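File shown here: work-v1.cif, holding mmCIF, C-alpha atoms.
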data_input
#
loop_
_atom_site.label_atom_id
_atom_site.label_comp_id
_atom_site.auth_asym_id
_atom_site.auth_seq_id
_atom_site.Cartn_x
_atom_site.Cartn_y
_atom_site.Cartn_z
CA MET A 290 183.13 129.45 -20.71
CA LEU A 291 183.10 131.08 -24.15
CA THR A 292 186.30 132.40 -25.71
CA ILE A 293 187.40 133.28 -29.21
CA GLU A 294 190.84 132.44 -30.61
CA PRO A 295 192.49 133.25 -33.94
CA ILE A 296 191.70 130.76 -36.70
CA ASP A 297 194.39 128.11 -37.02
CA ALA A 298 194.94 124.81 -38.85
CA LYS A 299 194.81 122.97 -35.51
CA TYR A 300 191.02 123.54 -35.58
CA SER A 301 190.61 122.06 -39.05
CA ALA A 302 188.97 118.76 -38.02
CA SER A 303 186.47 120.49 -35.71
CA ILE A 304 185.57 123.08 -38.35
CA GLN A 305 185.20 120.37 -41.00
CA GLU A 306 182.77 118.53 -38.71
CA LEU A 307 180.68 121.68 -38.13
CA PHE A 308 180.65 122.61 -41.84
CA SER A 309 179.67 119.05 -42.84
CA ASN A 310 176.35 119.16 -41.00
CA PRO A 311 173.62 119.07 -43.70
CA GLU A 312 171.80 122.05 -42.09
CA MET A 313 174.74 124.46 -42.49
CA PRO A 314 174.35 125.11 -46.25
CA ARG A 315 170.76 126.33 -45.76
CA THR A 316 171.82 129.56 -44.04
CA THR A 317 175.49 129.99 -45.03
CA ASP A 318 177.66 130.11 -48.12
CA ILE A 319 178.99 126.64 -47.30
CA PRO A 320 178.43 124.36 -50.31
CA SER A 321 176.03 121.43 -50.01
CA SER A 322 178.75 118.86 -50.62
CA LEU A 323 182.15 119.37 -49.09
CA PRO A 324 185.39 117.66 -49.97
CA PRO A 325 187.12 116.01 -47.00
CA ASP A 326 189.68 118.83 -46.76
CA ALA A 327 187.31 121.80 -47.20
CA ALA A 328 188.13 123.25 -43.79
CA ASN A 329 191.85 123.35 -44.63
CA GLY A 330 191.16 125.38 -47.77
CA TRP A 331 188.76 127.68 -45.93
CA ILE A 332 191.27 128.29 -43.13
CA ALA A 333 193.97 129.08 -45.72
CA ARG A 334 191.64 131.62 -47.39
CA MET A 335 190.85 133.22 -44.03
CA LYS A 336 194.57 133.44 -43.20
CA GLY A 337 195.05 135.15 -46.58
CA LEU A 338 192.45 137.76 -45.63
CA GLU A 339 194.31 138.38 -42.39
CA GLU A 340 197.63 138.73 -44.21
CA ARG A 341 196.09 141.34 -46.54
CA GLY A 342 194.55 143.18 -43.58
CA THR A 343 190.99 142.69 -44.85
CA GLY A 344 189.84 140.02 -42.41
CA LEU A 345 190.16 138.95 -38.80
CA ILE A 346 188.74 135.48 -38.18
CA PHE A 347 188.29 133.49 -34.97
CA VAL A 348 187.03 130.13 -33.78
CA ILE A 349 184.39 130.27 -31.06
CA LEU A 350 185.23 127.91 -28.21
CA VAL A 351 183.01 126.82 -25.34
CA ASP A 352 184.92 124.88 -22.71
CA ASP A 353 187.69 124.37 -25.31
CA ARG A 354 185.29 122.85 -27.87
CA VAL A 355 184.83 124.53 -31.26
CA VAL A 356 181.18 125.59 -31.61
CA GLY A 357 181.54 128.01 -34.52
CA VAL A 358 183.50 130.76 -36.22
CA CYS A 359 183.17 134.52 -36.36
CA GLY A 360 185.06 137.35 -37.91
CA LEU A 361 185.35 140.80 -39.31
CA PHE A 362 185.51 140.78 -43.10
CA ARG A 363 186.00 143.41 -45.78
CA ILE A 364 187.93 145.52 -43.29
CA ASP A 365 188.63 148.96 -44.75
CA ALA A 366 191.32 150.65 -42.66
CA ASP A 367 190.84 153.99 -44.45
CA LEU A 368 187.05 154.14 -44.00
CA LYS A 369 187.27 152.33 -40.64
CA THR A 370 184.52 149.90 -41.59
CA ALA A 371 184.09 146.11 -41.58
CA ASP A 372 181.46 143.41 -41.99
CA LEU A 373 180.60 141.03 -39.14
CA GLY A 374 180.02 137.38 -39.95
CA PHE A 375 179.37 134.33 -37.80
CA MET A 376 178.50 130.64 -38.18
CA ILE A 377 177.50 128.43 -35.28
CA GLY A 378 177.46 124.65 -35.61
CA THR A 379 173.94 123.27 -35.67
CA PRO A 380 174.23 121.31 -32.40
CA PHE A 381 175.01 124.60 -30.65
CA TRP A 382 172.22 126.80 -32.06
CA GLY A 383 170.04 128.76 -29.65
CA ARG A 384 172.55 128.96 -26.79
CA GLY A 385 173.70 132.57 -27.19
CA HIS A 386 177.16 131.71 -28.53
CA ALA A 387 176.93 133.95 -31.63
CA THR A 388 175.79 136.90 -29.52
CA ALA A 389 178.52 136.42 -26.92
CA ALA A 390 181.25 136.03 -29.54
CA GLY A 391 179.87 139.01 -31.47
CA ARG A 392 180.11 141.20 -28.38
CA VAL A 393 183.77 140.30 -27.89
CA LEU A 394 184.55 140.87 -31.56
CA LEU A 395 182.70 144.20 -31.72
CA ALA A 396 184.46 145.46 -28.58
CA HIS A 397 187.76 144.69 -30.29
CA GLY A 398 186.65 146.25 -33.58
CA PHE A 399 185.32 149.48 -32.10
CA GLY A 400 187.95 149.68 -29.36
CA THR A 401 191.34 148.37 -30.44
CA MET A 402 190.84 148.65 -34.20
CA GLY A 403 189.09 152.01 -34.10
CA LEU A 404 186.29 151.00 -36.47
CA GLN A 405 183.55 153.60 -36.94
CA SER A 406 180.88 151.25 -38.29
CA VAL A 407 180.24 147.55 -38.80
CA GLN A 408 177.77 146.08 -41.27
CA SER A 409 176.25 142.64 -41.48
CA SER A 410 173.68 140.77 -43.54
CA CYS A 411 171.61 137.61 -43.35
CA LEU A 412 168.95 135.81 -45.30
CA LEU A 413 165.64 137.61 -44.82
CA TRP A 414 163.99 134.46 -43.46
CA ASN A 415 166.82 133.67 -40.99
CA ALA A 416 165.10 134.81 -37.79
CA ALA A 417 167.85 133.42 -35.54
CA ALA A 418 170.57 135.49 -37.23
CA MET A 419 168.34 138.56 -37.10
CA ARG A 420 167.87 138.08 -33.34
CA VAL A 421 171.64 137.91 -32.86
CA LEU A 422 172.15 141.14 -34.80
CA GLU A 423 169.35 142.89 -32.89
CA LYS A 424 170.85 141.81 -29.54
CA LEU A 425 174.21 143.19 -30.66
CA GLY A 426 172.56 146.55 -31.39
CA PHE A 427 172.55 146.46 -35.19
CA GLN A 428 169.80 148.37 -36.97
CA PRO A 429 168.22 147.11 -40.20
CA THR A 430 169.02 149.38 -43.15
CA HIS A 431 167.46 147.75 -46.21
CA GLU A 432 166.54 144.54 -47.99
CA GLY A 433 168.25 143.47 -51.17
CA PRO A 434 169.82 140.68 -53.17
CA PRO A 435 172.64 138.55 -51.74
CA PRO A 436 176.01 140.23 -51.22
CA PRO A 437 178.62 139.88 -53.99
CA GLY A 438 180.19 136.42 -54.03
CA SER A 439 177.26 134.70 -52.31
CA LYS A 440 176.21 131.25 -53.50
CA PHE A 441 172.55 132.24 -53.23
CA PRO A 442 170.66 133.34 -56.38
CA ALA A 443 169.87 137.01 -56.96
CA THR A 444 166.21 136.22 -56.27
CA GLU A 445 166.99 135.36 -52.62
CA ARG A 446 166.42 138.34 -50.31
CA TYR A 447 168.81 139.54 -47.64
CA GLN A 448 168.37 141.93 -44.73
CA TYR A 449 171.27 144.37 -44.35
CA TRP A 450 172.27 145.80 -40.97
CA LEU A 451 174.49 148.57 -39.57
CA LEU A 452 176.00 149.36 -36.17
CA THR A 453 177.96 152.56 -35.59
CA LYS A 454 180.59 153.11 -32.94
CA GLY A 455 178.32 155.69 -31.29
CA GLN A 456 175.45 153.21 -31.08
CA TRP A 457 177.79 150.56 -29.71
CA LYS A 458 179.21 152.91 -27.08
CA SER A 459 175.76 154.06 -25.94
CA MET A 460 174.68 150.44 -25.47
CA ASN A 461 177.84 149.46 -23.61
CA GLU A 462 178.52 152.42 -21.37
CA PRO A 463 178.34 151.73 -17.65
CA VAL A 464 175.07 152.95 -16.22
CA SER A 465 175.17 154.85 -12.96
CA MET A 466 172.24 155.63 -10.73
CA THR A 467 171.24 159.20 -9.93
CA SER A 468 171.25 160.21 -6.29
CA SER A 469 167.43 159.89 -6.12
CA GLU A 470 167.61 156.31 -7.48
CA GLN A 471 170.30 155.41 -4.95
CA ARG A 472 168.00 156.40 -2.06
CA ARG A 473 165.27 153.94 -3.10
#

Output the structure of this file as structure tokens.
Amino acid sequence: MLTIEPIDAKYSASIQELFSNPEMPRTTDIPSSLPPDAANGWIARMKGLEERGTGLIFVILVDDRVVGVCGLFRIDADLKTADLGFMIGTPFWGRGHATAAGRVLLAHGFGTMGLQSVQSSCLLWNAAAMRVLEKLGFQPTHEGPPPPGSKFPATERYQYWLLTKGQWKSMNEPVSMTSSEQRR
């Protein structure tokens, strides 16, 4: 069973293991070589975002095992916007974990937090990340260089995405049958 829980130092060893996989730096801003305590520093930075009200970060657990992380970043309480980000450990790719965690996080963002729109981005060649965003209902908006602060060079291309609260609600409203459909 998949759940998400707030990021915490108790997950440091599991996150360090996921981040240390040599495939992770290809599609994320994780550096190619990590110091042994990189997860501790990353968790501290994520906690700092939470304290400032600009981030909300979670571990993704499947049967109590850490399979990745997800979060809302660059939260703007005035504009009611945020960016969605997620990283799934390589051994857990292709199992729907990012999509499932994203659904939970978006429901919280649009519901409890009152966000009006959520953005995301991924490397233009990262088909798996694009599939996750499409399944979540995001619409592509434009291509461009990496977002500010990215480790990737300006020549690398990103696809940018947007999901509004209205789009989210229309995708997640209960569907009821008309009386003619009920008779079939």

Name the residues that the PyMOL selection byres ((chain A and resi 373) around 6) pulls out of this structure, and write them as a PDB file with C-alpha atoms, in the frame of the given file.
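Result file follows (expr.pdb):
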ATOM      1  CA  GLY A 360     185.060 137.350 -37.910  1.00  0.00           C
ATOM      2  CA  LEU A 361     185.350 140.800 -39.310  1.00  0.00           C
ATOM      3  CA  ASP A 372     181.460 143.410 -41.990  1.00  0.00           C
ATOM      4  CA  GLY A 374     180.020 137.380 -39.950  1.00  0.00           C
ATOM      5  CA  SER A 409     176.250 142.640 -41.480  1.00  0.00           C
TER       6      SER A 409
END

When you count only C-alpha atoms, which of these residues is closest to Pro435 in chain A: A:Asn310, A:Gln448, A:Gln405, A:Gln305?
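Ranking A:Asn310, A:Gln448, A:Gln405, A:Gln305 by distance to Pro435 in chain A, first place goes to A:Gln448.
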
Using only C-alpha atoms: which of A:Arg341, A:Lys458, A:Lys369, A:Lys336 has the shortest distance to Arg392 in chain A:
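Of A:Arg341, A:Lys458, A:Lys369, A:Lys336, the one nearest Arg392 in chain A is A:Lys458, counting only C-alpha atoms.
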
Taking into account all atoms listed in the file, which residue in the set A:Phe427, A:Phe375, A:Phe441, A:Tyr449 is nearest to Ala390 in chain A?
A:Phe375

Taking only C-alpha atoms into account, name the residue in A:Ile377, A:Val351, A:Ala396, A:Ala417 that is nearest to Met290 in chain A.
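Nearest to Met290 in chain A: A:Val351.
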
If you count all atoms listed in the file, which residues fall within 12 Å of Gly403 in chain A, apart from same-chain ones fewer than 4 positions away, as a VMD selection string?
chain A and resid 364 to 371 395 to 399 407 453 to 455

Written selection (C-alpha atoms) as a PDB file, keeping the file's coordinate frame:
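The result, stored in result-v6.pdb:
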ATOM      1  CA  ILE A 364     187.930 145.520 -43.290  1.00  0.00           C
ATOM      2  CA  ASP A 365     188.630 148.960 -44.750  1.00  0.00           C
ATOM      3  CA  ALA A 366     191.320 150.650 -42.660  1.00  0.00           C
ATOM      4  CA  ASP A 367     190.840 153.990 -44.450  1.00  0.00           C
ATOM      5  CA  LEU A 368     187.050 154.140 -44.000  1.00  0.00           C
ATOM      6  CA  LYS A 369     187.270 152.330 -40.640  1.00  0.00           C
ATOM      7  CA  THR A 370     184.520 149.900 -41.590  1.00  0.00           C
ATOM      8  CA  ALA A 371     184.090 146.110 -41.580  1.00  0.00           C
ATOM      9  CA  LEU A 395     182.700 144.200 -31.720  1.00  0.00           C
ATOM     10  CA  ALA A 396     184.460 145.460 -28.580  1.00  0.00           C
ATOM     11  CA  HIS A 397     187.760 144.690 -30.290  1.00  0.00           C
ATOM     12  CA  GLY A 398     186.650 146.250 -33.580  1.00  0.00           C
ATOM     13  CA  PHE A 399     185.320 149.480 -32.100  1.00  0.00           C
ATOM     14  CA  VAL A 407     180.240 147.550 -38.800  1.00  0.00           C
ATOM     15  CA  THR A 453     177.960 152.560 -35.590  1.00  0.00           C
ATOM     16  CA  LYS A 454     180.590 153.110 -32.940  1.00  0.00           C
ATOM     17  CA  GLY A 455     178.320 155.690 -31.290  1.00  0.00           C
TER      18      GLY A 455
END

The PyMOL selection byres ((chain A and resi 328) around 12) - which residues does that actually catch in the file I just gave you? List them as a ChimeraX atom specification.
/A:296-309,319-320,323-327,329-335,358

The PyMOL selection byres ((chain A and resi 413) around 6) resolved against shown file, as number ranges by chain
A: 412, 414-415, 446-448

Please determine, counting all atoms listed in the file, which residue among A:Pro442, A:Leu422, A:Thr430, A:Gln456 has the shortest atom-to-atom distance to Ser406 in chain A.
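Between A:Pro442, A:Leu422, A:Thr430, A:Gln456, the residue approaching Ser406 in chain A most closely is A:Gln456.
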
CA of Gly378 in chain A and CA of Gly342 in chain A, how far apart in Å?
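Rounded to one decimal, the two atoms are 26.4 Å apart.
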
Using all atoms listed in the file: which of A:Thr343, A:Gln428, A:Thr379, A:Ser410 has the shortest distance to Pro311 in chain A:
A:Thr379

Measure the distance from CA of Trp450 in chain A to CA of Lys424 in chain A in Å and round it to one decimal.
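Interatomic distance here is 12.2 Å.
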
Record the distance separating CA of Gly438 in chain A and CA of Asp318 in chain A, expressed in Å with one decimal.
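Answer for the CA of Gly438 in chain A to CA of Asp318 in chain A separation: 9.0 Å.
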
List as a PyMOL selection string: which residues have an atom within 9 Å of (181.0, 126.3, -21.8), counting only C-alpha atoms?
chain A and resi 290-292+350-354

Could you write those residues out with C-alpha atoms, as a PDB file, in the frame of the given file?
ATOM      1  CA  MET A 290     183.130 129.450 -20.710  1.00  0.00           C
ATOM      2  CA  LEU A 291     183.100 131.080 -24.150  1.00  0.00           C
ATOM      3  CA  THR A 292     186.300 132.400 -25.710  1.00  0.00           C
ATOM      4  CA  LEU A 350     185.230 127.910 -28.210  1.00  0.00           C
ATOM      5  CA  VAL A 351     183.010 126.820 -25.340  1.00  0.00           C
ATOM      6  CA  ASP A 352     184.920 124.880 -22.710  1.00  0.00           C
ATOM      7  CA  ASP A 353     187.690 124.370 -25.310  1.00  0.00           C
ATOM      8  CA  ARG A 354     185.290 122.850 -27.870  1.00  0.00           C
TER       9      ARG A 354
END

How would range 375-404 of chain A look with N, CA and C atoms restored, written as a PDB file, in the frame of the given file?
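Saved to rebuild-v5.pdb:
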ATOM      1  N   PHE A 375     179.277 135.385 -38.801  1.00  0.00           N
ATOM      2  CA  PHE A 375     179.370 134.330 -37.800  1.00  0.00           C
ATOM      3  C   PHE A 375     178.647 133.093 -38.304  1.00  0.00           C
ATOM      4  N   MET A 376     179.137 131.923 -37.901  1.00  0.00           N
ATOM      5  CA  MET A 376     178.500 130.640 -38.180  1.00  0.00           C
ATOM      6  C   MET A 376     178.630 129.792 -36.921  1.00  0.00           C
ATOM      7  N   ILE A 377     177.521 129.297 -36.462  1.00  0.00           N
ATOM      8  CA  ILE A 377     177.500 128.430 -35.280  1.00  0.00           C
ATOM      9  C   ILE A 377     177.088 127.033 -35.748  1.00  0.00           C
ATOM     10  N   GLY A 378     177.811 126.025 -35.276  1.00  0.00           N
ATOM     11  CA  GLY A 378     177.460 124.650 -35.610  1.00  0.00           C
ATOM     12  C   GLY A 378     176.060 124.314 -35.140  1.00  0.00           C
ATOM     13  N   THR A 379     175.339 123.574 -35.952  1.00  0.00           N
ATOM     14  CA  THR A 379     173.940 123.270 -35.670  1.00  0.00           C
ATOM     15  C   THR A 379     173.676 122.713 -34.276  1.00  0.00           C
ATOM     16  N   PRO A 380     174.517 121.818 -33.753  1.00  0.00           N
ATOM     17  CA  PRO A 380     174.230 121.310 -32.400  1.00  0.00           C
ATOM     18  C   PRO A 380     174.277 122.378 -31.309  1.00  0.00           C
ATOM     19  N   PHE A 381     174.823 123.556 -31.648  1.00  0.00           N
ATOM     20  CA  PHE A 381     175.010 124.600 -30.650  1.00  0.00           C
ATOM     21  C   PHE A 381     174.106 125.811 -30.874  1.00  0.00           C
ATOM     22  N   TRP A 382     173.147 125.693 -31.792  1.00  0.00           N
ATOM     23  CA  TRP A 382     172.220 126.800 -32.060  1.00  0.00           C
ATOM     24  C   TRP A 382     171.374 127.084 -30.829  1.00  0.00           C
ATOM     25  N   GLY A 383     170.980 128.354 -30.689  1.00  0.00           N
ATOM     26  CA  GLY A 383     170.040 128.760 -29.650  1.00  0.00           C
ATOM     27  C   GLY A 383     170.621 128.862 -28.254  1.00  0.00           C
ATOM     28  N   ARG A 384     171.928 128.909 -28.123  1.00  0.00           N
ATOM     29  CA  ARG A 384     172.550 128.960 -26.790  1.00  0.00           C
ATOM     30  C   ARG A 384     173.243 130.295 -26.508  1.00  0.00           C
ATOM     31  N   GLY A 385     173.113 131.252 -27.418  1.00  0.00           N
ATOM     32  CA  GLY A 385     173.700 132.570 -27.190  1.00  0.00           C
ATOM     33  C   GLY A 385     175.167 132.697 -27.574  1.00  0.00           C
ATOM     34  N   HIS A 386     175.740 131.672 -28.202  1.00  0.00           N
ATOM     35  CA  HIS A 386     177.160 131.710 -28.530  1.00  0.00           C
ATOM     36  C   HIS A 386     177.494 132.779 -29.578  1.00  0.00           C
ATOM     37  N   ALA A 387     176.665 132.931 -30.590  1.00  0.00           N
ATOM     38  CA  ALA A 387     176.930 133.950 -31.630  1.00  0.00           C
ATOM     39  C   ALA A 387     176.878 135.349 -31.025  1.00  0.00           C
ATOM     40  N   THR A 388     175.913 135.591 -30.162  1.00  0.00           N
ATOM     41  CA  THR A 388     175.790 136.900 -29.520  1.00  0.00           C
ATOM     42  C   THR A 388     176.991 137.185 -28.635  1.00  0.00           C
ATOM     43  N   ALA A 389     177.382 136.224 -27.827  1.00  0.00           N
ATOM     44  CA  ALA A 389     178.520 136.420 -26.920  1.00  0.00           C
ATOM     45  C   ALA A 389     179.806 136.651 -27.705  1.00  0.00           C
ATOM     46  N   ALA A 390     180.043 135.856 -28.723  1.00  0.00           N
ATOM     47  CA  ALA A 390     181.250 136.030 -29.540  1.00  0.00           C
ATOM     48  C   ALA A 390     181.200 137.363 -30.282  1.00  0.00           C
ATOM     49  N   GLY A 391     180.024 137.733 -30.776  1.00  0.00           N
ATOM     50  CA  GLY A 391     179.870 139.010 -31.470  1.00  0.00           C
ATOM     51  C   GLY A 391     180.198 140.185 -30.569  1.00  0.00           C
ATOM     52  N   ARG A 392     179.797 140.117 -29.324  1.00  0.00           N
ATOM     53  CA  ARG A 392     180.110 141.200 -28.380  1.00  0.00           C
ATOM     54  C   ARG A 392     181.621 141.373 -28.202  1.00  0.00           C
ATOM     55  N   VAL A 393     182.316 140.254 -28.054  1.00  0.00           N
ATOM     56  CA  VAL A 393     183.770 140.300 -27.890  1.00  0.00           C
ATOM     57  C   VAL A 393     184.415 140.893 -29.152  1.00  0.00           C
ATOM     58  N   LEU A 394     183.973 140.424 -30.292  1.00  0.00           N
ATOM     59  CA  LEU A 394     184.550 140.870 -31.560  1.00  0.00           C
ATOM     60  C   LEU A 394     184.253 142.349 -31.818  1.00  0.00           C
ATOM     61  N   LEU A 395     183.040 142.800 -31.529  1.00  0.00           N
ATOM     62  CA  LEU A 395     182.700 144.200 -31.720  1.00  0.00           C
ATOM     63  C   LEU A 395     183.466 145.109 -30.766  1.00  0.00           C
ATOM     64  N   ALA A 396     183.662 144.668 -29.533  1.00  0.00           N
ATOM     65  CA  ALA A 396     184.460 145.460 -28.580  1.00  0.00           C
ATOM     66  C   ALA A 396     185.868 145.641 -29.118  1.00  0.00           C
ATOM     67  N   HIS A 397     186.421 144.599 -29.699  1.00  0.00           N
ATOM     68  CA  HIS A 397     187.760 144.690 -30.290  1.00  0.00           C
ATOM     69  C   HIS A 397     187.737 145.611 -31.515  1.00  0.00           C
ATOM     70  N   GLY A 398     186.739 145.439 -32.361  1.00  0.00           N
ATOM     71  CA  GLY A 398     186.650 146.250 -33.580  1.00  0.00           C
ATOM     72  C   GLY A 398     186.493 147.730 -33.292  1.00  0.00           C
ATOM     73  N   PHE A 399     185.560 148.073 -32.408  1.00  0.00           N
ATOM     74  CA  PHE A 399     185.320 149.480 -32.100  1.00  0.00           C
ATOM     75  C   PHE A 399     186.395 150.053 -31.176  1.00  0.00           C
ATOM     76  N   GLY A 400     186.946 149.221 -30.303  1.00  0.00           N
ATOM     77  CA  GLY A 400     187.950 149.680 -29.360  1.00  0.00           C
ATOM     78  C   GLY A 400     189.348 149.678 -29.974  1.00  0.00           C
ATOM     79  N   THR A 401     189.960 148.520 -30.001  1.00  0.00           N
ATOM     80  CA  THR A 401     191.340 148.370 -30.440  1.00  0.00           C
ATOM     81  C   THR A 401     191.559 148.782 -31.900  1.00  0.00           C
ATOM     82  N   MET A 402     190.657 148.366 -32.778  1.00  0.00           N
ATOM     83  CA  MET A 402     190.840 148.650 -34.200  1.00  0.00           C
ATOM     84  C   MET A 402     190.372 150.039 -34.611  1.00  0.00           C
ATOM     85  N   GLY A 403     189.564 150.670 -33.791  1.00  0.00           N
ATOM     86  CA  GLY A 403     189.090 152.010 -34.100  1.00  0.00           C
ATOM     87  C   GLY A 403     188.059 152.084 -35.225  1.00  0.00           C
ATOM     88  N   LEU A 404     187.335 150.983 -35.443  1.00  0.00           N
ATOM     89  CA  LEU A 404     186.290 151.000 -36.470  1.00  0.00           C
ATOM     90  C   LEU A 404     185.229 152.044 -36.118  1.00  0.00           C
TER      91      LEU A 404
END
